[in-house]
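Novice: The following file, data.csv, comprises CSV, C-alpha atoms:
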```csv
chain,number,residue,atom,x,y,z
L,234,MET,CA,-0.9,2.7,-9.2
L,235,GLU,CA,-2.8,3.7,-12.4
L,236,PHE,CA,-3.0,1.6,-15.6
L,237,GLN,CA,-4.7,2.7,-18.8
L,238,PRO,CA,-4.9,0.4,-21.8
L,239,GLU,CA,-3.5,2.0,-24.9
L,240,SER,CA,-6.2,1.1,-27.4
L,241,MET,CA,-8.6,-1.6,-26.2
L,242,SER,CA,-12.2,-0.8,-27.1
L,243,LYS,CA,-13.2,-4.5,-26.8
L,244,ILE,CA,-13.5,-6.5,-23.6
L,245,TRP,CA,-12.0,-9.7,-25.1
L,246,ASN,CA,-8.6,-8.3,-25.9
L,247,LYS,CA,-5.5,-10.6,-26.0
L,248,LYS,CA,-4.4,-9.8,-22.5
L,249,PHE,CA,-7.9,-10.3,-21.0
L,250,VAL,CA,-8.2,-13.7,-22.8
L,251,LEU,CA,-4.8,-14.9,-21.5
L,252,LEU,CA,-5.7,-13.9,-18.0
L,253,PHE,CA,-9.1,-15.6,-18.4
L,254,ILE,CA,-7.4,-18.9,-19.4
L,255,THR,CA,-4.8,-18.5,-16.7
L,256,ASN,CA,-7.3,-18.0,-13.9
L,257,LEU,CA,-9.5,-20.8,-15.1
L,258,LEU,CA,-6.6,-23.2,-15.1
L,259,MET,CA,-5.4,-22.0,-11.7
L,260,MET,CA,-8.8,-22.2,-10.0
L,261,ALA,CA,-9.6,-25.6,-11.5
L,262,THR,CA,-6.3,-27.0,-10.5
L,263,PHE,CA,-6.6,-25.7,-7.0
L,264,TYR,CA,-10.1,-27.2,-6.5
L,265,ALA,CA,-9.1,-30.4,-8.2
L,266,SER,CA,-6.7,-31.1,-5.3
L,267,VAL,CA,-9.6,-30.9,-2.8
L,268,PRO,CA,-11.0,-34.5,-3.4
L,269,ILE,CA,-7.5,-35.9,-4.0
L,270,LEU,CA,-5.9,-34.9,-0.7
L,271,PRO,CA,-8.2,-36.8,1.7
L,272,ILE,CA,-7.6,-40.0,-0.2
L,273,TYR,CA,-3.9,-39.4,-0.4
L,274,CYS,CA,-3.7,-38.8,3.3
L,275,GLN,CA,-5.4,-42.1,4.0
L,276,GLN,CA,-3.0,-43.9,1.6
L,277,ILE,CA,0.0,-42.6,3.6
L,278,GLY,CA,-1.5,-43.4,7.0
L,279,ILE,CA,-3.0,-40.0,8.0
L,280,THR,CA,-6.6,-40.6,9.2
L,281,GLY,CA,-9.4,-39.0,11.2
L,282,ALA,CA,-9.1,-35.5,12.6
L,283,LYS,CA,-5.6,-35.2,11.1
L,284,ILE,CA,-7.0,-35.1,7.6
L,285,GLY,CA,-9.3,-32.3,8.7
L,286,MET,CA,-6.3,-30.4,10.0
L,287,VAL,CA,-4.4,-30.8,6.7
L,288,LEU,CA,-7.5,-29.5,4.7
L,289,THR,CA,-8.3,-26.7,7.1
L,290,ALA,CA,-4.7,-25.4,7.3
L,291,MET,CA,-4.9,-23.8,3.9
L,292,SER,CA,-8.1,-22.0,4.7
L,293,VAL,CA,-6.7,-20.5,7.9
L,294,ALA,CA,-3.6,-19.3,6.1
L,295,THR,CA,-5.7,-17.8,3.2
L,296,VAL,CA,-7.9,-15.8,5.6
L,297,LEU,CA,-4.9,-14.5,7.6
L,298,PHE,CA,-2.9,-13.6,4.5
L,299,ARG,CA,-5.6,-11.9,2.4
L,300,PRO,CA,-5.0,-8.4,3.9
L,301,VAL,CA,-1.3,-8.7,3.2
L,302,ALA,CA,-2.1,-9.9,-0.3
L,303,GLY,CA,-4.0,-6.7,-1.0
L,304,TYR,CA,-1.1,-4.6,0.3
L,305,ILE,CA,1.4,-6.4,-1.9
L,306,LEU,CA,-0.8,-5.9,-5.0
L,307,ASP,CA,-1.3,-2.2,-4.4
L,308,ASN,CA,2.3,-1.4,-3.5
L,309,PHE,CA,4.4,-3.5,-5.9
L,310,ASN,CA,4.2,-4.2,-9.7
L,311,ARG,CA,1.1,-6.3,-10.0
L,312,TYR,CA,2.2,-8.2,-13.1
L,313,TYR,CA,5.5,-9.3,-11.7
L,314,THR,CA,4.0,-10.0,-8.3
L,315,TYR,CA,1.4,-12.3,-10.0
L,316,MET,CA,4.1,-14.1,-12.0
L,317,LEU,CA,6.2,-14.7,-8.9
L,318,PHE,CA,3.3,-16.0,-6.8
L,319,LEU,CA,1.9,-18.2,-9.5
L,320,ALA,CA,5.3,-19.8,-9.9
L,321,LEU,CA,5.3,-20.4,-6.1
L,322,PHE,CA,1.8,-21.8,-6.4
L,323,CYS,CA,3.1,-24.6,-8.7
L,324,LEU,CA,5.4,-26.0,-6.0
L,325,PRO,CA,3.0,-27.5,-3.4
L,326,PHE,CA,1.8,-30.1,-5.8
L,327,LEU,CA,5.4,-31.5,-5.9
L,328,GLY,CA,5.7,-31.0,-2.2
L,329,PHE,CA,2.8,-33.3,-1.5
L,330,ILE,CA,4.8,-36.1,-3.2
L,331,ALA,CA,8.2,-35.2,-1.8
L,332,PHE,CA,7.1,-34.9,1.9
L,333,PRO,CA,4.4,-37.5,2.5
L,334,PHE,CA,3.9,-37.1,6.3
L,335,PHE,CA,1.5,-35.2,8.5
L,336,GLY,CA,3.6,-32.2,9.7
L,337,ALA,CA,5.0,-31.5,6.3
L,338,LEU,CA,1.5,-31.6,4.7
L,339,VAL,CA,0.2,-29.1,7.2
L,340,LEU,CA,3.1,-26.8,6.5
L,341,ILE,CA,2.7,-27.1,2.7
L,342,ARG,CA,-1.0,-26.3,3.0
L,343,LEU,CA,-0.3,-23.3,5.1
L,344,TYR,CA,2.2,-22.1,2.5
L,345,MET,CA,-0.3,-22.9,-0.3
L,346,GLY,CA,-2.9,-20.7,1.5
L,347,ALA,CA,-0.6,-17.7,1.7
L,348,VAL,CA,0.4,-18.0,-1.9
L,349,TYR,CA,-3.1,-18.6,-3.2
L,350,SER,CA,-4.4,-15.5,-1.3
L,351,VAL,CA,-2.2,-13.4,-3.6
L,352,CYS,CA,-2.8,-15.3,-6.8
L,353,GLY,CA,-6.6,-15.3,-6.3
L,354,SER,CA,-6.7,-11.6,-5.6
L,355,ALA,CA,-4.3,-10.7,-8.4
L,356,THR,CA,-6.1,-12.2,-11.4
L,357,THR,CA,-9.3,-10.2,-11.1
L,358,THR,CA,-7.3,-7.1,-10.3
L,359,LEU,CA,-5.1,-7.5,-13.4
L,360,ALA,CA,-8.2,-8.2,-15.5
L,361,GLY,CA,-9.7,-4.9,-14.4
L,362,ASP,CA,-6.5,-3.1,-15.2
L,363,VAL,CA,-6.4,-4.3,-18.9
L,364,LEU,CA,-9.9,-3.1,-19.5
L,365,PRO,CA,-11.0,0.4,-20.6
L,366,GLU,CA,-12.4,2.2,-17.6
L,367,ASP,CA,-16.0,2.2,-19.0
L,368,LYS,CA,-15.8,-1.6,-19.5
L,369,VAL,CA,-14.4,-2.7,-16.1
L,370,ARG,CA,-17.8,-3.5,-14.5
L,371,VAL,CA,-19.0,-5.5,-17.5
L,372,GLY,CA,-15.6,-7.2,-18.2
L,373,VAL,CA,-15.0,-8.3,-14.6
L,374,ASN,CA,-18.5,-9.8,-14.5
L,375,ARG,CA,-17.4,-12.1,-17.4
L,376,PHE,CA,-14.0,-12.7,-15.9
L,377,ALA,CA,-15.3,-13.8,-12.5
L,378,LEU,CA,-17.0,-16.7,-14.3
L,379,THR,CA,-13.5,-18.3,-14.1
L,380,ILE,CA,-13.8,-18.5,-10.4
L,381,SER,CA,-17.3,-20.2,-10.5
L,382,LEU,CA,-16.3,-22.6,-13.2
L,383,GLY,CA,-13.0,-23.5,-11.5
L,384,MET,CA,-14.8,-24.2,-8.2
L,385,ALA,CA,-17.3,-26.5,-10.1
L,386,ALA,CA,-15.0,-28.1,-12.7
L,387,GLY,CA,-12.0,-28.6,-10.3
L,388,PRO,CA,-13.6,-31.3,-8.1
L,389,PHE,CA,-14.8,-33.2,-11.3
L,390,VAL,CA,-11.3,-33.1,-12.7
L,391,GLY,CA,-9.9,-34.3,-9.3
L,392,ILE,CA,-12.3,-37.2,-9.0
L,393,GLN,CA,-11.7,-38.3,-12.6
L,394,VAL,CA,-7.9,-38.1,-12.2
L,395,GLN,CA,-8.0,-39.9,-8.9
L,396,ASN,CA,-10.1,-42.7,-10.4
L,397,HIS,CA,-7.7,-43.3,-13.3
L,398,MET,CA,-4.2,-42.4,-11.8
L,399,SER,CA,-2.3,-42.8,-8.6
L,400,SER,CA,-2.4,-39.9,-6.2
L,401,LYS,CA,1.3,-39.1,-6.9
L,402,ALA,CA,0.6,-39.1,-10.7
L,403,SER,CA,-2.4,-36.9,-10.0
L,404,PHE,CA,-0.3,-34.3,-8.3
L,405,LEU,CA,2.2,-34.4,-11.1
L,406,LEU,CA,-0.6,-33.7,-13.6
L,407,LEU,CA,-1.9,-30.8,-11.5
L,408,PHE,CA,1.6,-29.4,-11.3
L,409,ALA,CA,1.8,-29.6,-15.1
L,410,LEU,CA,-1.5,-27.6,-15.4
L,411,THR,CA,-0.2,-24.9,-13.1
L,412,VAL,CA,2.9,-24.6,-15.3
L,413,ILE,CA,0.7,-24.2,-18.4
L,414,ALA,CA,-1.1,-21.4,-16.5
L,415,LEU,CA,2.2,-19.7,-15.8
L,416,ILE,CA,3.2,-20.0,-19.4
L,417,CYS,CA,-0.1,-18.4,-20.5
L,418,VAL,CA,0.4,-15.4,-18.2
L,419,SER,CA,4.0,-15.0,-19.3
L,420,PHE,CA,2.7,-13.9,-22.7
L,421,CYS,CA,0.5,-11.3,-21.1
L,422,ARG,CA,2.9,-8.4,-20.7
L,423,ILE,CA,1.3,-5.6,-18.6
L,424,GLU,CA,3.3,-2.4,-18.1
L,425,TYR,CA,2.8,-0.5,-14.8
L,426,PRO,CA,4.3,2.8,-13.7
L,427,LYS,CA,6.5,2.8,-10.6
L,428,VAL,CA,4.6,2.6,-7.4
L,429,GLU,CA,5.1,4.8,-4.3
L,430,ARG,CA,5.1,2.3,-1.6
L,431,LYS,CA,3.4,2.9,1.7
L,432,LYS,CA,4.1,1.2,5.0
L,433,PHE,CA,1.9,-1.8,5.9
L,434,VAL,CA,-0.8,-0.7,8.3
L,435,LEU,CA,-3.3,-3.4,9.3
L,436,SER,CA,-6.3,-1.0,9.3
L,437,ASP,CA,-5.5,0.1,5.8
L,438,ALA,CA,-5.2,-3.6,4.6
L,439,PHE,CA,-9.0,-3.8,4.3
L,440,TYR,CA,-10.8,-1.8,1.7
L,441,LYS,CA,-13.8,-0.5,3.7
L,442,PRO,CA,-16.2,0.1,0.8
L,443,ALA,CA,-15.9,-3.6,-0.2
L,444,LEU,CA,-16.8,-4.8,3.3
L,445,PRO,CA,-20.6,-4.8,2.8
L,446,PHE,CA,-20.2,-6.9,-0.4
L,447,MET,CA,-17.9,-9.2,1.5
L,448,PHE,CA,-20.2,-9.7,4.4
L,449,ASN,CA,-23.2,-10.3,2.1
L,450,MET,CA,-21.4,-12.9,-0.1
L,451,MET,CA,-20.0,-14.6,3.0
L,452,PHE,CA,-23.5,-15.9,3.9
L,453,ILE,CA,-24.3,-16.8,0.3
L,454,MET,CA,-21.1,-19.0,0.1
L,455,ILE,CA,-21.8,-21.0,3.3
L,456,PRO,CA,-24.1,-23.6,1.5
L,457,PHE,CA,-21.6,-23.7,-1.4
L,458,GLY,CA,-18.9,-24.7,1.1
L,459,ALA,CA,-21.1,-27.4,2.4
L,460,VAL,CA,-21.7,-28.7,-1.1
L,461,LEU,CA,-18.0,-28.7,-2.1
L,462,ALA,CA,-16.9,-30.5,1.0
L,463,TYR,CA,-19.7,-33.1,1.5
L,464,THR,CA,-21.4,-33.9,-1.8
L,465,SER,CA,-19.2,-37.0,-2.3
L,466,ILE,CA,-20.0,-38.3,1.2
L,467,PHE,CA,-23.7,-37.5,0.8
L,468,ALA,CA,-23.9,-39.3,-2.5
L,469,GLN,CA,-22.1,-42.3,-0.9
L,470,GLU,CA,-24.6,-42.4,1.9
L,471,LYS,CA,-27.5,-42.4,-0.6
L,472,GLY,CA,-26.0,-45.0,-2.8
L,473,LEU,CA,-25.4,-42.4,-5.6
L,474,SER,CA,-21.6,-42.5,-5.8
L,475,ASN,CA,-21.8,-43.3,-9.5
L,476,VAL,CA,-23.6,-40.0,-10.1
L,477,THR,CA,-21.1,-37.8,-8.2
L,478,PRO,CA,-18.8,-36.9,-11.1
L,479,TYR,CA,-21.8,-35.9,-13.2
L,480,PHE,CA,-23.0,-33.6,-10.4
L,481,TYR,CA,-20.1,-31.3,-11.1
L,482,VAL,CA,-20.7,-31.5,-14.9
L,483,PHE,CA,-24.3,-30.3,-14.2
L,484,LEU,CA,-22.9,-27.6,-11.9
L,485,VAL,CA,-20.7,-26.3,-14.7
L,486,ALA,CA,-23.6,-26.6,-17.2
L,487,GLY,CA,-25.8,-24.5,-14.9
L,488,MET,CA,-23.1,-21.8,-14.7
L,489,LEU,CA,-22.7,-21.7,-18.4
L,490,VAL,CA,-26.4,-21.5,-19.1
L,491,SER,CA,-26.8,-18.7,-16.5
L,492,LYS,CA,-24.0,-16.7,-18.2
L,493,PHE,CA,-25.4,-17.0,-21.7
L,494,SER,CA,-29.0,-16.5,-20.8
L,495,THR,CA,-28.7,-13.5,-18.4
L,496,GLN,CA,-25.7,-11.6,-19.7
L,497,LYS,CA,-27.9,-9.0,-21.5
L,498,MET,CA,-29.9,-8.4,-18.3
L,499,ILE,CA,-26.6,-8.0,-16.4
L,500,ASP,CA,-25.2,-5.5,-19.0
L,501,ALA,CA,-28.5,-3.6,-18.8
L,502,GLY,CA,-28.0,-3.2,-15.0
L,503,LYS,CA,-31.0,-5.4,-14.0
L,504,HIS,CA,-29.1,-6.8,-11.1
L,505,ARG,CA,-31.9,-6.6,-8.5
L,506,ILE,CA,-34.1,-9.1,-10.3
L,507,LEU,CA,-31.2,-11.4,-10.9
L,508,VAL,CA,-30.1,-11.4,-7.3
L,509,GLY,CA,-33.6,-12.0,-6.1
L,510,LEU,CA,-34.4,-14.9,-8.5
L,511,SER,CA,-31.0,-16.5,-7.9
L,512,LEU,CA,-31.4,-16.5,-4.1
L,513,VAL,CA,-34.9,-18.0,-4.4
L,514,VAL,CA,-33.6,-20.8,-6.7
L,515,LEU,CA,-30.7,-21.5,-4.4
L,516,MET,CA,-32.9,-21.5,-1.3
L,517,VAL,CA,-35.4,-24.0,-2.8
L,518,THR,CA,-32.6,-26.2,-4.1
L,519,MET,CA,-30.8,-26.5,-0.8
L,520,ALA,CA,-34.0,-27.1,1.1
L,521,SER,CA,-34.9,-29.9,-1.3
L,522,TYR,CA,-31.8,-31.9,0.0
L,523,PHE,CA,-34.0,-32.8,3.0
L,524,PHE,CA,-35.9,-35.3,0.8
L,525,MET,CA,-33.3,-36.1,-1.8
L,526,GLU,CA,-33.1,-39.8,-2.7
L,527,THR,CA,-32.4,-40.1,-6.4
L,528,GLY,CA,-29.6,-39.4,-8.9
L,529,VAL,CA,-31.9,-37.3,-11.0
L,530,HIS,CA,-32.7,-35.0,-8.0
L,531,LEU,CA,-28.9,-34.7,-7.2
L,532,LEU,CA,-28.1,-33.8,-10.8
L,533,ALA,CA,-31.0,-31.2,-11.0
L,534,ALA,CA,-29.7,-29.7,-7.7
L,535,GLY,CA,-26.2,-29.4,-9.3
L,536,PHE,CA,-27.7,-27.6,-12.3
L,537,LEU,CA,-29.8,-25.2,-10.3
L,538,LEU,CA,-26.9,-24.4,-7.9
L,539,GLY,CA,-24.8,-23.7,-11.0
L,540,LEU,CA,-27.5,-21.3,-12.3
L,541,GLY,CA,-27.6,-19.4,-9.1
L,542,TYR,CA,-23.9,-19.1,-8.4
L,543,GLY,CA,-23.1,-18.5,-12.1
L,544,ILE,CA,-25.1,-15.3,-11.7
L,545,LEU,CA,-24.3,-14.2,-8.1
L,546,GLN,CA,-20.5,-14.8,-8.0
L,547,PRO,CA,-19.6,-12.7,-11.1
L,548,LEU,CA,-22.2,-10.1,-10.3
L,549,PHE,CA,-20.9,-9.4,-6.8
L,550,GLN,CA,-17.3,-9.4,-8.1
L,551,SER,CA,-18.2,-6.8,-10.7
L,552,PHE,CA,-19.9,-4.7,-7.9
L,553,VAL,CA,-16.6,-4.5,-6.1
L,554,THR,CA,-14.1,-4.1,-8.9
L,555,GLY,CA,-16.3,-1.9,-11.0
L,556,THR,CA,-16.7,0.7,-8.2
L,557,THR,CA,-13.1,0.7,-7.0
L,558,PRO,CA,-10.4,3.1,-8.3
L,559,GLY,CA,-7.6,1.3,-10.1
L,560,PRO,CA,-4.9,1.9,-7.4
L,561,LYS,CA,-7.1,0.3,-4.7
L,562,ARG,CA,-8.3,-2.7,-6.6
L,563,GLY,CA,-5.8,-5.1,-5.1
L,564,THR,CA,-6.9,-4.4,-1.6
L,565,ALA,CA,-10.6,-4.3,-2.6
L,566,ASN,CA,-10.5,-7.7,-4.2
L,567,ALA,CA,-8.5,-9.2,-1.4
L,568,THR,CA,-11.1,-7.8,1.1
L,569,TYR,CA,-14.0,-9.1,-0.9
L,570,LEU,CA,-12.6,-12.6,-1.5
L,571,LEU,CA,-12.5,-13.1,2.2
L,572,SER,CA,-16.2,-13.9,1.8
L,573,TYR,CA,-15.2,-17.1,-0.2
L,574,ASP,CA,-12.6,-18.1,2.4
L,575,ILE,CA,-14.8,-17.6,5.4
L,576,GLY,CA,-18.1,-18.7,3.9
L,577,ILE,CA,-16.7,-22.0,2.5
L,578,GLY,CA,-14.9,-22.6,5.7
L,579,ILE,CA,-18.0,-22.1,7.8
L,580,GLY,CA,-20.0,-24.3,5.5
L,581,SER,CA,-17.5,-27.1,5.6
L,582,PHE,CA,-17.2,-26.9,9.4
L,583,ALA,CA,-20.9,-26.7,10.0
L,584,MET,CA,-21.6,-29.8,7.8
L,585,GLY,CA,-19.0,-31.7,9.8
L,586,MET,CA,-21.1,-31.1,13.0
L,587,PHE,CA,-24.4,-31.7,11.2
L,588,GLN,CA,-23.2,-35.1,9.9
L,589,GLU,CA,-22.7,-36.4,13.4
L,590,SER,CA,-25.8,-34.7,15.0
L,591,ILE,CA,-28.7,-34.5,12.5
L,592,GLY,CA,-27.4,-36.1,9.3
L,593,LEU,CA,-26.3,-34.6,6.0
L,594,SER,CA,-29.8,-34.3,4.4
L,595,ALA,CA,-31.1,-32.1,7.2
L,596,GLY,CA,-27.7,-30.3,7.4
L,597,PHE,CA,-27.8,-29.3,3.7
L,598,ALA,CA,-31.4,-28.1,4.1
L,599,ILE,CA,-30.6,-26.0,7.2
L,600,THR,CA,-27.8,-24.2,5.3
L,601,ALA,CA,-30.6,-22.7,3.1
L,602,ALA,CA,-31.1,-20.3,6.0
L,603,ALA,CA,-27.9,-18.6,5.1
L,604,TYR,CA,-29.5,-17.5,1.8
L,605,ILE,CA,-32.4,-15.9,3.7
L,606,ILE,CA,-29.8,-13.9,5.8
L,607,GLY,CA,-28.0,-13.0,2.5
L,608,ALA,CA,-31.2,-11.8,0.9
L,609,ILE,CA,-32.1,-9.6,3.9
L,610,ILE,CA,-28.7,-8.0,3.9
L,611,TYR,CA,-28.8,-7.3,0.2
L,612,ALA,CA,-32.4,-5.9,0.2
L,613,VAL,CA,-32.0,-3.8,3.3
L,614,TYR,CA,-28.5,-2.4,2.7
L,615,VAL,CA,-26.3,-3.6,-0.1
L,616,ASP,CA,-28.5,-2.9,-3.1
L,617,GLY,CA,-28.9,0.8,-2.1
L,618,TYR,CA,-25.2,1.0,-1.1
L,619,TYR,CA,-24.1,-0.2,-4.5
L,620,GLU,CA,-26.3,2.3,-6.3
L,621,LYS,CA,-24.6,5.1,-4.2
L,622,LEU,CA,-21.2,3.9,-5.2
L,623,VAL,CA,-22.1,3.8,-8.9
L,624,GLN,CA,-23.4,7.4,-8.7
L,625,LYS,CA,-20.3,8.5,-6.8
L,626,SER,CA,-17.9,6.9,-9.4
L,627,ARG,CA,-19.6,8.7,-12.3
```
Please, can you express the file's structure as structure tokens?
Specialist:
Amino acid sequence: MEFQPESMSKIWNKKFVLLFITNLLMMATFYASVPILPIYCQQIGITGAKIGMVLTAMSVATVLFRPVAGYILDNFNRYYTYMLFLALFCLPFLGFIAFPFFGALVLIRLYMGAVYSVCGSATTTLAGDVLPEDKVRVGVNRFALTISLGMAAGPFVGIQVQNHMSSKASFLLLFALTVIALICVSFCRIEYPKVERKKFVLSDAFYKPALPFMFNMMFIMIPFGAVLAYTSIFAQEKGLSNVTPYFYVFLVAGMLVSKFSTQKMIDAGKHRILVGLSLVVLMVTMASYFFMETGVHLLAAGFLLGLGYGILQPLFQSFVTGTTPGPKRGTANATYLLSYDIGIGIGSFAMGMFQESIGLSAGFAITAAAYIIGAIIYAVYVDGYYEKLVQKSR
């Protein structure tokens, strides 16, 4: 599959902007449901380990379906595929209301994971397709900010909605937001040539050149998974629950500051310095959770985490998309995004064990070790590997 824009010299063309808004809405809506679901489960009589099963079901389905998602995107019309799966993505929010019992919620979350694996892989792929070839790396770096912002802003939206509306009304609002996202992308007409479909082969469902980036980012995402899953509980234990919503505001603020303050360095190719500084900031921030006691400290941690991830997430996404030929970008992005699924899952699971054994403060601090591993992988292999891919693609 090959797509060349007709006359788009600028990154922020109409189609790119529409995809940017669509993905931001989709990601924010998806992550807004994370803090709402556990409370909703308790309201309908689902407690304890069953809540964990409801939450984990989606992650399992996403990991298992990512390889299939890549195949679908590279062997069918990407635009119509995204339209279809985004429409299917709207339905679970109504399903939570229509089927309020344990077995149904697990099935809905499994379905949601499969659908999300395609949607999440499709948006970045489409964004790369509507950019001129020489602007793909730079443009995708900007586009990937939607993922970071969605992850950060989504929980804030979810908490605010939950505090002011019933759970059922909250799900209706999230459904409405996904419909708006669907309307946005419907105005983004992207023409693709006919695709010569290949048979699905599991070994071909992973884009091997993207695996080093995936493996590297997987470790970097482990602490982020811990933060997403356990910040509210940690704040409650420390008597800082009133600060929790603002933690996510500061997280978003950090991401925006990082984007505006470092974009020139990123465009100039100074990625080594940015990766190194980001990992140091993140390492120190997570280690500081060990002695965190005040709301100011929690907000500062949110801002610094936003700074680090606001640089690293878009940067690594641009490494993958910018060095992958157009016909392979669906599989490449699906392969790379496994790092988010697995890393966040490991972080959430690990913090569940740490909470019962050593406590959340020490647990958060220990996750900083994942950054050390990520830094070693990047310095020893990924940095040089990326440079080789860039040279090869020229």
Novice: Kindly give the distance, in Å, that separates CA of Ile506 in chain L and CA of Lys492 in chain L, rounded to a single decimal.
Specialist: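 Between CA of Ile506 in chain L and CA of Lys492 in chain L the gap is 14.9 Å.
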Novice: Nearest to Asn566 in chain L among L:Thr495, L:Gln395, L:Gln550, L:Ser266, with distances taken over only C-alpha atoms: which residue is it?
Specialist: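 Using only C-alpha atoms, the shortest distance to Asn566 in chain L belongs to L:Gln550.
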Novice: Can you tell me which residues surround Met451 in chain L at a distance of at most 12 Å, considering all atoms listed in the file, apart from same-chain residues fewer than 5 positions away, and format the answer as a PyMOL selection string?
Specialist: chain L and resi 444-446+456-458+545-546+549+568-580+603-604+606-608+610-611
Novice: Take the residues from that selection and put them in a file with C-alpha atoms, as a PDB file, in the frame of the given file.
Specialist:
```
ATOM      1  CA  LEU L 444     -16.800  -4.800   3.300  1.00  0.00           C
ATOM      2  CA  PRO L 445     -20.600  -4.800   2.800  1.00  0.00           C
ATOM      3  CA  PHE L 446     -20.200  -6.900  -0.400  1.00  0.00           C
ATOM      4  CA  PRO L 456     -24.100 -23.600   1.500  1.00  0.00           C
ATOM      5  CA  PHE L 457     -21.600 -23.700  -1.400  1.00  0.00           C
ATOM      6  CA  GLY L 458     -18.900 -24.700   1.100  1.00  0.00           C
ATOM      7  CA  LEU L 545     -24.300 -14.200  -8.100  1.00  0.00           C
ATOM      8  CA  GLN L 546     -20.500 -14.800  -8.000  1.00  0.00           C
ATOM      9  CA  PHE L 549     -20.900  -9.400  -6.800  1.00  0.00           C
ATOM     10  CA  THR L 568     -11.100  -7.800   1.100  1.00  0.00           C
ATOM     11  CA  TYR L 569     -14.000  -9.100  -0.900  1.00  0.00           C
ATOM     12  CA  LEU L 570     -12.600 -12.600  -1.500  1.00  0.00           C
ATOM     13  CA  LEU L 571     -12.500 -13.100   2.200  1.00  0.00           C
ATOM     14  CA  SER L 572     -16.200 -13.900   1.800  1.00  0.00           C
ATOM     15  CA  TYR L 573     -15.200 -17.100  -0.200  1.00  0.00           C
ATOM     16  CA  ASP L 574     -12.600 -18.100   2.400  1.00  0.00           C
ATOM     17  CA  ILE L 575     -14.800 -17.600   5.400  1.00  0.00           C
ATOM     18  CA  GLY L 576     -18.100 -18.700   3.900  1.00  0.00           C
ATOM     19  CA  ILE L 577     -16.700 -22.000   2.500  1.00  0.00           C
ATOM     20  CA  GLY L 578     -14.900 -22.600   5.700  1.00  0.00           C
ATOM     21  CA  ILE L 579     -18.000 -22.100   7.800  1.00  0.00           C
ATOM     22  CA  GLY L 580     -20.000 -24.300   5.500  1.00  0.00           C
ATOM     23  CA  ALA L 603     -27.900 -18.600   5.100  1.00  0.00           C
ATOM     24  CA  TYR L 604     -29.500 -17.500   1.800  1.00  0.00           C
ATOM     25  CA  ILE L 606     -29.800 -13.900   5.800  1.00  0.00           C
ATOM     26  CA  GLY L 607     -28.000 -13.000   2.500  1.00  0.00           C
ATOM     27  CA  ALA L 608     -31.200 -11.800   0.900  1.00  0.00           C
ATOM     28  CA  ILE L 610     -28.700  -8.000   3.900  1.00  0.00           C
ATOM     29  CA  TYR L 611     -28.800  -7.300   0.200  1.00  0.00           C
TER      30      TYR L 611
END
```
Novice: Any idea what's packed within 10 Å of Gly528 in chain L, counting all atoms listed in the file, ignoring anything in its chain fewer than 6 positions away? Could you give it as a count of residues only?
Specialist: 11
Novice: Please measure the separation of CA of Ala459 in chain L and CA of Phe439 in chain L, giving the value in Å to one decimal.
Specialist: 26.6 Å
Novice: Counting all atoms listed in the file, which residue out of L:Ala595, L:Val296, L:Met584, L:Val371 sits closest to Ser551 in chain L?
Specialist: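 Answer, going by the shortest atom-to-atom distance: L:Val371.
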Novice: Using only C-alpha atoms, can you list as a list in words the residues within 10 Å of (-0.5, -30.2, 7.0)?
Specialist: Cys274, Lys283, Ile284, Gly285, Met286, Val287, Leu288, Thr289, Ala290, Met291, Phe329, Pro333, Phe334, Phe335, Gly336, Ala337, Leu338, Val339, Leu340, Ile341, Arg342, Leu343 and Tyr344 of chain L
Novice: Residues around (-29.8, -32.6, -11.7), cut-off 10 Å, counting only C-alpha atoms - what are they as a compact mmCIF listing (two decimals) with C-alpha atoms, keeping the file's coordinate frame?
Specialist:
```txt
# COMPACT_ATOMS: atom_id res chain seq x y z
CA VAL L 476 -23.60 -40.00 -10.10
CA TYR L 479 -21.80 -35.90 -13.20
CA PHE L 480 -23.00 -33.60 -10.40
CA TYR L 481 -20.10 -31.30 -11.10
CA VAL L 482 -20.70 -31.50 -14.90
CA PHE L 483 -24.30 -30.30 -14.20
CA LEU L 484 -22.90 -27.60 -11.90
CA GLY L 487 -25.80 -24.50 -14.90
CA THR L 527 -32.40 -40.10 -6.40
CA GLY L 528 -29.60 -39.40 -8.90
CA VAL L 529 -31.90 -37.30 -11.00
CA HIS L 530 -32.70 -35.00 -8.00
CA LEU L 531 -28.90 -34.70 -7.20
CA LEU L 532 -28.10 -33.80 -10.80
CA ALA L 533 -31.00 -31.20 -11.00
CA ALA L 534 -29.70 -29.70 -7.70
CA GLY L 535 -26.20 -29.40 -9.30
CA PHE L 536 -27.70 -27.60 -12.30
CA LEU L 537 -29.80 -25.20 -10.30
CA LEU L 538 -26.90 -24.40 -7.90
```
Novice: Could you check the closest approach to Ala385 in chain L for each of L:Tyr618, L:Tyr522, L:Tyr425, L:Phe263 and tell me which residue wins, using all atoms listed in the file?
Specialist: L:Phe263
Novice: Report the distance between CA of Ala320 in chain L and CA of Val412 in chain L in Å, rounded to one decimal place.
Specialist: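 Distance between the two atoms: 7.6 Å.
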Novice: Looking at all atoms listed in the file, which of L:Met586, L:Val615, L:Met519, L:Val460 is the one that sits closest to Arg505 in chain L?
Specialist: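 Of all the options, L:Val615 lies closest to Arg505 in chain L.
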Novice: Counting only C-alpha atoms, which residues of range 388-470 of chain L fall within 12 Å of range 346-355 of chain L, and what is the closest atom pair for each with its distance in Å at one decimal, ordered by chain and rising number, as JSON lines?
Specialist:
```
{"residue": "L:Thr411", "atom": "CA", "partner": "L:Cys352", "partner_atom": "CA", "distance": 11.8}
{"residue": "L:Ala414", "atom": "CA", "partner": "L:Cys352", "partner_atom": "CA", "distance": 11.6}
{"residue": "L:Leu415", "atom": "CA", "partner": "L:Cys352", "partner_atom": "CA", "distance": 11.2}
{"residue": "L:Val418", "atom": "CA", "partner": "L:Cys352", "partner_atom": "CA", "distance": 11.8}
```
